[in-house]
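Q: Below is one structure. I have some questions about it.
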Amino acid sequence: MNNKLFWTSILVVLVFGTILFGQFFVDPAMSRILAADPNLPPSLDYPLGTQSEGRDVLVVLALGAPMSLLIGLIGGSVALLIGTVLGFVSGYLGGIVDAIIRTIVDVGLTIPAIAILILIAASFPSITIVMMGLVIAFTSWMQPTRVIRAQVLSLREREFVRLAKLSGASNFQIIFFELPPNLVPFLASCFVNAVSTAMLASIGLEVLGLGPQHTHTLGGLIYQGIYYNAMWRGLWWWWMPAIFVLVIIFLVLFFLSLTLDEISNPRFKSIS
Amino acid sequence: MVSVGKNSKLLTENLLEVNALTKIYKDTLGSSKKFTAVNNVSFSLPNNDPRIVTIAGESGSGKTTLALLLLGFLYPTSGNIFYKGVNLGSKEWPRFRREVQAIFQNPYEAFNPVYKIDHALVLPIKNFRLARSKTIAREIISQSLEAVGLNPGQILGKYPHQMSGGQLQRVMIARILMVKPCLIIADEPVSMIDASLRAVILKDLVQIKKDNGISIIYITHDLSTALQISDEIMIFYRGSVVEKGSAEEVILNPKHPYTKLLVSSVPRPDPSIKWENFVPSAMADSVSTTLPNSCSFFENCPERMKECKETSPTFFKIKNNHHAACFLHK
Amino acid sequence: MTDILLNIKDLCVSYATKKESLEVLQYINLEVFRDEVFGLVGESGSGKSTLASAILGLLQNPGKIDQGQILFDNEDITNMSDKNHRRFLWEQISYIPQGAMNCFNPVIRINEQFHDVIKDHGGQKAYGLNERKIAQLIRSMHLNPDILDKFPHQLSGGMKQRLCIALAIVLNPKLIFADEPTSALDVISQRIVLETLSKARRRLKSSIILIGHDLAIQAQIADRLGIMFSGRLVEIGSVADIFYNPLHEYTKKLISSLPSIQVKQNLNILGADKSQGITKGLKGNEATSFIEVNPGHLVAKSY
């Protein structure tokens with residue numbers, strides 16, 4: 001198990017490192033309109049060719065991929081933060097507090113997130129990376145709240161919680177010091193899921209043209225491809241690399257999630 | 001006899017006074033099926049007279065529910081629990097929390113697995129302000145560990161999963177010694193411990209009672225250990241007390257049919273004393289709940305009479321310190 | 001045909017893990033006769049479950065038999081092939097696991113599970129079995145045959161345990177391993193289960209190896225006992241020998257720590273040293289040779 005975690009971490013560091021730091025190895029000027037001749041296929045000068053506005057595809061990719069990652073991180077972190085606080089409070093305190101939070105969560109879950117996202121994104125003329133992350137968090141905090149609450153519900157019946165009470169611990173002490181360390185592996189797993197969900201949502205919006213207009217993004221690249229009919233025109237170097245990068249990112253996140261699941265859920269541990 | 005004054009304080013103060021305590025669980029919302037876990041239990045522990053009282057019963061008898069009620073982790077459906085004259089339902093919580101401590105059955109569950117065991121010892125010191133400085137705290141912890149026969153150097157700094165059940169249970173006892181409660185609720189403290197260590201831990205409990213004047217409610221299904229350490233005993237069956245009295249009296253001279261069955265079923269560690277007469281199989285199979293106005297043991301009692309089905313028996317005196325809830329002894 | 005059903009010679013088992021191994025067996029020498037109950041007594045970590053697994057051929061990686069022989073009815077079963085093993089298990093030797101929940105598949109009715117076992121392991125013996133005989137078996141467990149239509153979760157712990165016993169004896173095995181069959185049961189259920197097991201065995205004339213740490217139960221049911229400590233057998237003898245004349249230090253301490261329900265003793269008499277309970281002063285690396293003090297009563301040469 002330790003072995004798996006080790007190699008998965010190496011993979012994560014390599015892939016995400018490349019994505020995050022790739023942007024510093026390219027010339028941003030080449031991502032502007034008409035920086036080069038449009039619709040050039042891949043060559044030595046332009047390894048991924050250029051698209052219809054004359055931008056170097058490789059440069060756009062290198063600048064856009066980290067942005068998608070960033071949105072995912074912001075969206076995922078905020079959603080998890082809200083989910084953790086609400087999940088702990090609701091799960092541990094029970095009663096009215098739990099009833100209120102649970103109702104909001106259940107109602108929120110039935111409203112299709114896409115609809116809300118599109119509505120919000122479309123109401124703003126332009127939207128920044130941070131704003132996008134926050135908007136996505138706003139529609140995705142419900143799921144983490146729910147699963148974390150369920151974990152807390154089972155944790156709070158454990159005997160060490162009773163012993164803490166017998167040692168004079170206040171509710172605050174229990175919620176913030178006794179319970180959380182027991183959930184760290186689970187929360188890590190939740191975090192990875194939240195980031196994946198946020199990235200997916202953001203790419204969805206970007207592909208529809210509702211993403212940040214003034215920054216390059218992965219989804220934005222694909223949106224442009226659709227807009228300029230890259231597929232019909234055989235400009236495969238435009239949309240294929242972007243999708244390839246997307247697949248890699250999701251695969252890595254998936255492996256990470258599986259490994260973390262194994263750690264946090266002892267039932268899945270293989271007999272060593 | 002109970003006299004109740006203003007502000008729900010009792011005028012005659014016992015350490016613990018339990019009156020008509022009942023806990024009923026409803027099956028599901030709106031369902032009429034009810035399960036009575038604890039049925040009309042009353043007893044008291046006097047102040048300034050430390051004793052070990054055993055609550056003995058099989059699994060499903062309600063003894064764990066009773067423990068949780070006494071510790072305030074569950075709320076009764078009806079009835080009262082008074083600690084030093086104050087109703088548990090009222091607000092004087094913090095004092096109660098320190099003065100009533102517990103030992104749980106599974107030592108691995110009682111410790112928070114992500115912290116070293118030091119955490120469980122430091123927490124009460126912090127919250128109850130038992131030491132003014134870290135040095136004094138360390139002193140107190142070391143002393144308590146040594147008092148139960150543990151070496152602080154070998155114990156502190158370890159995680160619960162690195163220690164044996166017996167060691168952990170003794171750390172529990174050390175913790176209790178530090179906190180100095182007035183009452184300990186010990187819920188099957190040795191049932192998950194190896195036989196060789198049980199005597200040690202039970203001896204510690206008896207010592208605690210003697211040296212510190214602390215009363216202990218010992219909850220168990222093991223009648224032999226109950227005989228060894230308790231002063232008084234109450235036999236539980238399906239949530240009701242069926243027989244009570246001094247431990248020697250009740251175990252060596254049982255009068256209620258259930259107690260008689262229970263005592264005779266305990267395997268004697270002596271090959272020349274074997275179980276007599278096979279027990280009717282109905283005993284182990286019934287899972288239904290008691291009818292409201294009948295004896296809880298009616299269905300399985302080999303000596304049942306018509307009366308037992310129609311009225312719930314009260315306690316009849318057999319001797320001064322021995323009562324049984326059975327019409328056979330009217 | 002000798003009286004010896006199971007003969008274990010110099011058995012050594014080890015676990016190859018990075019962490020310290022808890023259950024290791026060293027030079028186990030043991031004989032179990034026909035038509036007897038042999039009690040294997042030891043505390044957690046003594047190796048009794050490992051011994052059972054080794055004999056049943058159920059040792060999982062990284063555990064393995066390093067040396068020694070296991071002879072069942074004069075046949076060497078130490079390294080049986082999987083195919084033979086299937087037939088062998090249940091027909092000749094069966095197993096009642098600790099905790100009845102391990103016995104039954106929760107989504108299959110009881111009678112199907114009986115049929116599954118018979119089909120998998122039955123061979124020759126399965127031909128004689130039919131519904132009527134199975135119902136008879138159930139009744140001998142003091143259970144109502146209509147239990148066969150139920151699912152495991154509808155039954156109480158004691159009932160499931162008795163069904164486990166029925167499952168273990170359905171093919172009339174010569175030897176039955178019962179691994180702490182009553183550890184999760186309360187006193188009255190325990191008595192019923194053990195007496196049922198005892199009666200069934202006497203009827204079939206099979207042998208039982210009863211594994212457990214509870215000496216009181218052994219006193220009620222067993223004929224002979226083997227005391228295990230730290231991977232070794234330290235004493236073997238009849239149940240009377242062990243209880244009335246324990247020879248080994250460890251056995252003596254085990255016997256003396258038993259609380260009595262007949263007399264209120266002073267706990268001091270039971271006295272155990274505070275620091276390590278019984279096991280203080282006993283070393284694990286003792287010599288493997290046995291001395292036969294009385295016929296049938298063997299004790300390991302002590303340190």
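Here, A, B, ... name the chains of the structure tokens in the order displayed, residue numbers run from 1 inside each chain, and ligands are numbered from 1 in the same displayed order.
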Using the chain letters and numbers from this document, which residues of segment 214-291 of chain B does DSSP assign to strand (DSSP E or B), as a VMD selection string?

A: chain B and resid 215 to 220 232 to 237 240 to 246

Q: Would you save the residues of that selection, restricted to C-alpha atoms, as a compact mmCIF listing (two decimals), in the first residue's frame?

A:
```txt
# COMPACT_ATOMS: atom_id res chain seq x y z
CA SER B 215 -18.02 3.35 44.72
CA ILE B 216 -18.09 1.19 41.64
CA ILE B 217 -20.98 -0.08 39.57
CA TYR B 218 -19.59 -3.20 37.93
CA ILE B 219 -21.52 -4.33 34.90
CA THR B 220 -20.84 -7.84 33.73
CA GLU B 232 -24.10 -6.23 46.28
CA ILE B 233 -25.57 -7.56 43.09
CA MET B 234 -28.64 -7.02 40.92
CA ILE B 235 -29.61 -9.65 38.37
CA PHE B 236 -31.02 -8.22 35.18
CA TYR B 237 -33.30 -10.01 32.80
CA SER B 240 -35.91 -5.65 34.83
CA VAL B 241 -34.18 -6.47 38.06
CA VAL B 242 -35.30 -9.97 39.05
CA GLU B 243 -33.20 -10.53 42.13
CA LYS B 244 -31.00 -8.34 44.29
CA GLY B 245 -29.06 -8.48 47.50
CA SER B 246 -25.63 -9.19 48.84
```

Q: What lies within 12 Å of Pro254 of chain B using only C-alpha atoms, ignoring chain neighbours under 2 positions off, as JSON, numbers by chain?

A: {"B": [233, 234, 235, 242, 243, 244, 245, 246, 247, 248, 249, 250, 251, 252, 256, 257, 258, 259, 260, 261, 262, 263, 264, 318, 319, 322, 323, 324, 325, 326, 329]}

Q: Take the residues just selected and output them with N, CA and C atoms as a compact mmCIF listing (two decimals), in the first residue's frame.

A:
```
# COMPACT_ATOMS: atom_id res chain seq x y z
N ILE B 233 -25.35 -7.19 44.49
CA ILE B 233 -25.57 -7.56 43.09
C ILE B 233 -27.03 -7.41 42.72
N MET B 234 -27.27 -7.04 41.45
CA MET B 234 -28.64 -7.02 40.92
C MET B 234 -28.66 -7.85 39.65
N ILE B 235 -29.54 -8.80 39.56
CA ILE B 235 -29.61 -9.65 38.37
C ILE B 235 -30.62 -9.06 37.41
N VAL B 242 -34.50 -8.84 38.57
CA VAL B 242 -35.30 -9.97 39.05
C VAL B 242 -34.89 -10.43 40.44
N GLU B 243 -33.64 -10.14 40.80
CA GLU B 243 -33.20 -10.53 42.13
C GLU B 243 -32.09 -9.57 42.56
N LYS B 244 -32.06 -9.25 43.82
CA LYS B 244 -31.00 -8.34 44.29
C LYS B 244 -30.67 -8.65 45.75
N GLY B 245 -29.47 -8.26 46.12
CA GLY B 245 -29.06 -8.48 47.50
C GLY B 245 -27.56 -8.54 47.60
N SER B 246 -27.07 -9.09 48.69
CA SER B 246 -25.63 -9.19 48.84
C SER B 246 -25.14 -10.22 47.82
N ALA B 247 -23.93 -10.01 47.32
CA ALA B 247 -23.44 -10.85 46.23
C ALA B 247 -23.37 -12.32 46.65
N GLU B 248 -22.88 -12.57 47.85
CA GLU B 248 -22.76 -13.95 48.31
C GLU B 248 -24.11 -14.63 48.39
N GLU B 249 -25.07 -13.92 48.99
CA GLU B 249 -26.42 -14.46 49.14
C GLU B 249 -27.01 -14.85 47.80
N VAL B 250 -27.01 -13.90 46.88
CA VAL B 250 -27.72 -14.11 45.63
C VAL B 250 -27.06 -15.19 44.78
N ILE B 251 -25.72 -15.21 44.74
CA ILE B 251 -25.06 -16.16 43.85
C ILE B 251 -24.98 -17.56 44.48
N LEU B 252 -24.73 -17.62 45.78
CA LEU B 252 -24.61 -18.94 46.39
C LEU B 252 -25.95 -19.52 46.78
N HIS B 256 -34.63 -16.71 42.58
CA HIS B 256 -35.43 -16.49 41.38
C HIS B 256 -35.07 -17.56 40.35
N PRO B 257 -36.07 -18.13 39.64
CA PRO B 257 -35.77 -19.20 38.68
C PRO B 257 -34.73 -18.81 37.63
N TYR B 258 -34.75 -17.55 37.20
CA TYR B 258 -33.76 -17.15 36.20
C TYR B 258 -32.36 -17.17 36.80
N THR B 259 -32.24 -16.62 38.01
CA THR B 259 -30.93 -16.61 38.65
C THR B 259 -30.43 -18.03 38.86
N LYS B 260 -31.34 -18.89 39.25
CA LYS B 260 -30.94 -20.29 39.47
C LYS B 260 -30.40 -20.88 38.18
N LEU B 261 -31.11 -20.63 37.09
CA LEU B 261 -30.67 -21.13 35.79
C LEU B 261 -29.31 -20.55 35.41
N LEU B 262 -29.16 -19.25 35.62
CA LEU B 262 -27.93 -18.57 35.26
C LEU B 262 -26.76 -19.13 36.05
N VAL B 263 -26.96 -19.22 37.36
CA VAL B 263 -25.85 -19.69 38.20
C VAL B 263 -25.47 -21.12 37.84
N SER B 264 -26.47 -21.96 37.57
CA SER B 264 -26.12 -23.35 37.26
C SER B 264 -25.49 -23.49 35.89
N ILE B 318 -36.59 -12.19 51.00
CA ILE B 318 -36.17 -13.53 51.38
C ILE B 318 -35.36 -13.46 52.66
N LYS B 319 -34.46 -12.51 52.69
CA LYS B 319 -33.74 -12.22 53.92
C LYS B 319 -33.58 -10.72 53.98
N HIS B 322 -31.68 -9.71 50.79
CA HIS B 322 -31.92 -10.59 49.64
C HIS B 322 -33.38 -10.50 49.24
N HIS B 323 -33.65 -9.98 48.02
CA HIS B 323 -35.02 -9.84 47.54
C HIS B 323 -35.15 -10.46 46.16
N ALA B 324 -36.28 -11.06 45.87
CA ALA B 324 -36.50 -11.63 44.54
C ALA B 324 -37.87 -11.20 44.03
N ALA B 325 -37.93 -10.90 42.75
CA ALA B 325 -39.21 -10.49 42.16
C ALA B 325 -39.89 -11.72 41.60
N CYS B 326 -40.42 -12.55 42.47
CA CYS B 326 -41.01 -13.80 42.01
C CYS B 326 -42.13 -14.21 42.95
N HIS B 329 -42.04 -16.59 46.08
CA HIS B 329 -41.52 -16.23 47.39
C HIS B 329 -42.37 -15.19 48.07
```

Q: Mind listing as a VMD selection string which residues of chain B are within 9 Å of chain A, counting only C-alpha atoms?

A: chain B and resid 71 73 94 97 to 98 100 to 104 106 108 to 115 120 to 121 123 to 128 179

Q: With only C-alpha atoms as the counted atoms, please give the residues lying no more than 6 Å from segment 201-218 of chain C, apart from itself and same-chain residues fewer than 4 positions off, as a compact mmCIF listing (two decimals) with N, CA and C atoms, in the first residue's frame.

A:
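To be explicit, this is the file written out as part_21.txt:
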```txt
# COMPACT_ATOMS: atom_id res chain seq x y z
N PRO B 267 -20.00 -22.46 33.76
CA PRO B 267 -19.19 -23.68 33.79
C PRO B 267 -18.22 -23.65 34.98
N ARG B 268 -18.24 -24.71 35.78
CA ARG B 268 -17.33 -24.76 36.91
C ARG B 268 -15.96 -25.21 36.42
N PRO B 269 -14.92 -24.52 36.80
CA PRO B 269 -13.58 -24.94 36.37
C PRO B 269 -13.12 -26.15 37.17
N ARG C 34 -9.24 -41.29 18.61
CA ARG C 34 -10.62 -41.36 18.14
C ARG C 34 -11.57 -41.17 19.31
N ASP C 35 -12.76 -40.65 18.99
CA ASP C 35 -13.84 -40.59 19.97
C ASP C 35 -13.42 -39.88 21.25
N GLU C 36 -12.75 -38.74 21.12
CA GLU C 36 -12.44 -37.97 22.32
C GLU C 36 -12.57 -36.48 22.02
N VAL C 37 -12.65 -35.72 23.11
CA VAL C 37 -12.62 -34.27 22.96
C VAL C 37 -11.27 -33.79 23.47
N PHE C 38 -10.52 -33.18 22.59
CA PHE C 38 -9.21 -32.69 22.97
C PHE C 38 -9.27 -31.17 23.04
N GLY C 39 -8.95 -30.61 24.18
CA GLY C 39 -9.01 -29.16 24.32
C GLY C 39 -7.65 -28.53 24.11
N LEU C 40 -7.61 -27.55 23.24
CA LEU C 40 -6.35 -26.83 22.99
C LEU C 40 -6.49 -25.48 23.68
N VAL C 41 -5.73 -25.31 24.74
CA VAL C 41 -5.89 -24.12 25.57
C VAL C 41 -4.71 -23.20 25.41
N GLY C 42 -4.97 -21.92 25.28
CA GLY C 42 -3.88 -20.96 25.21
C GLY C 42 -4.45 -19.58 25.10
N GLU C 43 -3.66 -18.59 25.43
CA GLU C 43 -4.15 -17.22 25.34
C GLU C 43 -3.91 -16.68 23.94
N LYS C 174 -14.61 -37.30 10.79
CA LYS C 174 -14.00 -38.02 11.90
C LYS C 174 -13.48 -37.06 12.94
N LEU C 175 -13.14 -35.83 12.46
CA LEU C 175 -12.55 -34.85 13.37
C LEU C 175 -13.20 -33.50 13.13
N ILE C 176 -13.54 -32.83 14.21
CA ILE C 176 -14.16 -31.50 14.10
C ILE C 176 -13.33 -30.49 14.88
N PHE C 177 -12.99 -29.41 14.22
CA PHE C 177 -12.31 -28.33 14.92
C PHE C 177 -13.35 -27.31 15.36
N ALA C 178 -13.38 -27.02 16.63
CA ALA C 178 -14.31 -25.98 17.09
C ALA C 178 -13.46 -24.85 17.66
N ASP C 179 -13.41 -23.73 16.94
CA ASP C 179 -12.56 -22.62 17.36
C ASP C 179 -13.38 -21.61 18.16
N GLU C 180 -13.22 -21.66 19.47
CA GLU C 180 -13.96 -20.78 20.36
C GLU C 180 -15.42 -20.65 19.94
N ALA C 222 -14.12 -31.34 27.81
CA ALA C 222 -12.96 -32.03 27.24
C ALA C 222 -12.58 -33.29 28.01
```

Q: From a DSSP calculation on the backbone, collect every residue of segment 31-254 of chain C in helix (DSSP H, G or I) and output the set as JSON, numbers by chain.

A: {"C": [48, 49, 50, 51, 52, 53, 54, 55, 56, 82, 83, 84, 85, 86, 87, 88, 89, 90, 91, 100, 101, 102, 110, 111, 112, 113, 114, 115, 116, 117, 118, 119, 120, 121, 123, 124, 125, 126, 127, 128, 131, 132, 133, 134, 135, 136, 137, 138, 139, 140, 145, 146, 147, 148, 149, 152, 153, 154, 157, 158, 159, 160, 161, 162, 163, 164, 165, 166, 167, 168, 169, 187, 188, 189, 190, 191, 192, 193, 194, 195, 196, 197, 198, 199, 200, 201, 202, 203, 204, 215, 216, 217, 218, 219, 220, 221, 239, 240, 241, 242, 243, 244, 249, 250, 251, 252, 253, 254]}

Q: Quick check: residues of chain B within 6 Å of chain C, only C-alpha atoms, returned as an NGL selection string.

A: :B and (58 or 149 or 196-197 or 224 or 228 or 265 or 267-271 or 274 or 284)

Q: Got time to write the residues from that selection, N, CA and C atoms, as a PDB file, in the first residue's frame?

A:
```pdb
ATOM      1  N   GLU B  58     -27.274 -10.988  30.960  1.00  0.00           N
ATOM      2  CA  GLU B  58     -26.787 -11.472  29.668  1.00  0.00           C
ATOM      3  C   GLU B  58     -26.833 -10.351  28.653  1.00  0.00           C
ATOM      4  N   GLY B 149       0.986  -0.274  38.246  1.00  0.00           N
ATOM      5  CA  GLY B 149       1.974  -1.269  37.842  1.00  0.00           C
ATOM      6  C   GLY B 149       2.500  -1.095  36.438  1.00  0.00           C
ATOM      7  N   SER B 196      -5.361 -14.232  32.178  1.00  0.00           N
ATOM      8  CA  SER B 196      -4.288 -14.067  33.145  1.00  0.00           C
ATOM      9  C   SER B 196      -4.239 -12.668  33.738  1.00  0.00           C
ATOM     10  N   LEU B 197      -4.719 -11.682  32.985  1.00  0.00           N
ATOM     11  CA  LEU B 197      -4.645 -10.313  33.468  1.00  0.00           C
ATOM     12  C   LEU B 197      -5.890  -9.865  34.213  1.00  0.00           C
ATOM     13  N   SER B 224     -18.763 -15.249  38.159  1.00  0.00           N
ATOM     14  CA  SER B 224     -17.667 -15.602  39.070  1.00  0.00           C
ATOM     15  C   SER B 224     -16.872 -14.374  39.484  1.00  0.00           C
ATOM     16  N   GLN B 228     -16.435 -12.512  43.249  1.00  0.00           N
ATOM     17  CA  GLN B 228     -15.148 -12.208  43.884  1.00  0.00           C
ATOM     18  C   GLN B 228     -15.054 -10.778  44.372  1.00  0.00           C
ATOM     19  N   SER B 265     -25.660 -22.505  35.014  1.00  0.00           N
ATOM     20  CA  SER B 265     -25.086 -22.591  33.669  1.00  0.00           C
ATOM     21  C   SER B 265     -23.653 -22.124  33.602  1.00  0.00           C
ATOM     22  N   PRO B 267     -20.004 -22.458  33.763  1.00  0.00           N
ATOM     23  CA  PRO B 267     -19.187 -23.677  33.789  1.00  0.00           C
ATOM     24  C   PRO B 267     -18.223 -23.654  34.978  1.00  0.00           C
ATOM     25  N   ARG B 268     -18.242 -24.707  35.778  1.00  0.00           N
ATOM     26  CA  ARG B 268     -17.330 -24.763  36.913  1.00  0.00           C
ATOM     27  C   ARG B 268     -15.964 -25.207  36.422  1.00  0.00           C
ATOM     28  N   PRO B 269     -14.916 -24.525  36.800  1.00  0.00           N
ATOM     29  CA  PRO B 269     -13.582 -24.935  36.365  1.00  0.00           C
ATOM     30  C   PRO B 269     -13.115 -26.148  37.166  1.00  0.00           C
ATOM     31  N   ASP B 270     -13.904 -27.178  37.092  1.00  0.00           N
ATOM     32  CA  ASP B 270     -13.587 -28.375  37.879  1.00  0.00           C
ATOM     33  C   ASP B 270     -14.218 -29.555  37.165  1.00  0.00           C
ATOM     34  N   PRO B 271     -13.392 -30.458  36.653  1.00  0.00           N
ATOM     35  CA  PRO B 271     -13.944 -31.544  35.837  1.00  0.00           C
ATOM     36  C   PRO B 271     -14.917 -32.449  36.592  1.00  0.00           C
ATOM     37  N   LYS B 274     -19.906 -31.151  36.695  1.00  0.00           N
ATOM     38  CA  LYS B 274     -20.375 -30.852  35.345  1.00  0.00           C
ATOM     39  C   LYS B 274     -21.798 -30.292  35.397  1.00  0.00           C
ATOM     40  N   ALA B 284     -32.887 -20.106  24.602  1.00  0.00           N
ATOM     41  CA  ALA B 284     -31.962 -19.284  23.829  1.00  0.00           C
ATOM     42  C   ALA B 284     -32.616 -18.659  22.621  1.00  0.00           C
TER      43      ALA B 284
END
```

Q: Point out the residue among B:Ser312, B:Gln143, B:Gln154, B:Asn87 with the least atom-to-atom distance to Ala174 of chain B, counting only C-alpha atoms.

A: B:Gln143

Q: Go ahead and compute the interatomic distance for atom CA of Asp37 of chain A and atom CA of Thr50 of chain A, in Å to one decimal.

A: 7.2 Å
